[in-house]
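First up is the structure itself, then whatever we jot down about it.
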Amino acid sequence: MGTDMSMPKGSNVPVPAPAVRVEIGWRSGAGVPDADASALLLAAGKVRSDADFVFYNQPAHSSGAVRHEGKRTAGGMVTDTIAVDLARVEPAIETVVLAASADGGTFGQVPGLCIRILDAAAGTELARYDSGDASVETAFVLGELYRRQGAWKFRAVGQGYGSGLEGLATDYGISVDEPQQAAPAPAPQPAAPVPPPAAPTPTLVTPPQQPAPVAP
């Protein structure tokens, strides 16, 4: 499937290969933000835990079915690759969401954004979707691999998130740590009241005695 055979948004195609290489690519250039590919493994539309999120800081799923393989640059294109061994995806997983997040800008500033699904063994292109309508989004779901009647298919999605990777992750059930808030300083306690000074004890003053009168 060549560039002129890019899938329309919302369309799907069969994926007959048992293992695929997912390439999320864009054209490099001055002022173009970097982007990072990620994958979310969903059961009933949500991740089962944060372990079902594969990205650069967590590059391999525990099942071994999904791996983030990193970036390469060739011919003016940057490609971030995720390997998906469909034969090893756990039965509970129905969908593998394929996304990207922009670092230092929006996807409206990322030219030539696309996703390609390649047969991992033969290297042939099985599906391609070119995104041409990104604007202020900082995270983008480009496509998804999903099971249908025991077989795998790829759907071109093209859904953006203005809230970045955090918004995308939260939408699929990943718990995002909130920034720690500084504990408020305790309010100053009022000083203990000072007891009033004790009243002075009155002092009795004895009047001086008058001398007795002297008889004439």
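Just remember, in the structure tokens the first chain shown is A, the second B, etc., residues are 1-based per chain, and ligands are 1-based in the order shown.
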At most 6 Å is the cut-off: for each residue in stretch 82-183 of chain A with any atom that close to an atom of stretch 9-15 of chain A, write down the nearest atom pair and the distance in Å rounded to one decimal, counting only C-alpha atoms, chain first then increasing number, as CSV.
residue,atom,partner,partner_atom,distance
A:Trp152,CA,A:Val15,CA,5.4
A:Lys153,CA,A:Pro14,CA,4.3
A:Phe154,CA,A:Asn12,CA,5.3
A:Arg155,CA,A:Asn12,CA,4.2
A:Ala156,CA,A:Lys9,CA,5.1
A:Val157,CA,A:Gly10,CA,5.5
Requested in this report: Compile the contact shell of stretch 64-80 of chain A as a ChimeraX atom specification: residues with an atom at most 10 Å away, counting only C-alpha atoms, same-chain residues fewer than 3 positions apart removed.
Outcome: /A:19-29,34-41,52-61,83-90,96,100,111-116
Query raised in the report: Just how far from atom CA of A:Met5 is atom CA of A:Gly164, in Å to one decimal?
Result: 29.2 Å
Query raised in the report: Hey, which of A:Ala30, A:Ala44, A:Val136, A:Ala120 ends up closest to A:Ile82? Count only C-alpha atoms.
Result: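 Nearest candidate to A:Ile82 out of A:Ala30, A:Ala44, A:Val136, A:Ala120: A:Ala120.
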Requested in this report: Taking the DSSP assignment computed from this structure's backbone, write out as a PyMOL selection string all residues of stretch 31-185 of chain A that belong to strand (DSSP E).
Outcome: chain A and resi 34-42+53-54+66-74+77-85+95-103+114-119+125-130+139-148+151-161
Report task. Please provide the set of residues having any atom within 6 Å of A:Ala139, restricted to only C-alpha atoms, with same-chain residues fewer than 2 positions apart removed, written as a PyMOL selection string. Result -> chain A and resi 100-101+137+160-161+164-165
Once you have the residues from the selection above, write them out as a short mmCIF file (atom, residue, chain, number, x, y, z; two decimals), in the first residue's frame, restricted to N, CA, C and O atoms.
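Saved result, result34.cif, follows:
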data_model
loop_
_atom_site.label_atom_id
_atom_site.label_comp_id
_atom_site.auth_asym_id
_atom_site.auth_seq_id
_atom_site.Cartn_x
_atom_site.Cartn_y
_atom_site.Cartn_z
N ALA A 100 0.52 8.74 19.56
CA ALA A 100 1.75 9.52 19.64
C ALA A 100 1.47 10.77 20.46
O ALA A 100 0.34 11.26 20.50
N SER A 101 2.51 11.29 21.10
CA SER A 101 2.39 12.54 21.84
C SER A 101 3.49 13.49 21.39
O SER A 101 4.62 13.07 21.10
N GLU A 137 -3.73 19.72 18.73
CA GLU A 137 -3.60 18.52 19.55
C GLU A 137 -2.15 18.28 19.96
O GLU A 137 -1.23 18.50 19.18
N GLY A 160 -7.51 13.34 18.02
CA GLY A 160 -6.53 14.12 18.75
C GLY A 160 -7.00 14.50 20.14
O GLY A 160 -8.20 14.50 20.44
N TYR A 161 -6.03 14.84 20.98
CA TYR A 161 -6.28 15.27 22.36
C TYR A 161 -5.51 16.56 22.62
O TYR A 161 -4.28 16.59 22.49
N GLY A 164 -2.94 16.40 25.76
CA GLY A 164 -1.67 15.68 25.73
C GLY A 164 -1.77 14.23 26.14
O GLY A 164 -2.87 13.64 26.21
N LEU A 165 -0.61 13.65 26.41
CA LEU A 165 -0.54 12.23 26.76
C LEU A 165 -1.33 11.94 28.03
O LEU A 165 -1.94 10.88 28.16
#
Report task. Would you mind reading off the distance between atom CA of A:Ser135 and atom CA of A:Met7, one decimal, in Å? Result ->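 Those two atoms sit 19.8 Å apart.
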**Report entry** Selected residue, from A:Gly167, A:Gly143, A:Gly150, A:Pro33, that lies nearest to A:Ile117 when counting only C-alpha atoms
**Finding:**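 Counting only C-alpha atoms, the residue closest to A:Ile117 is A:Gly143.
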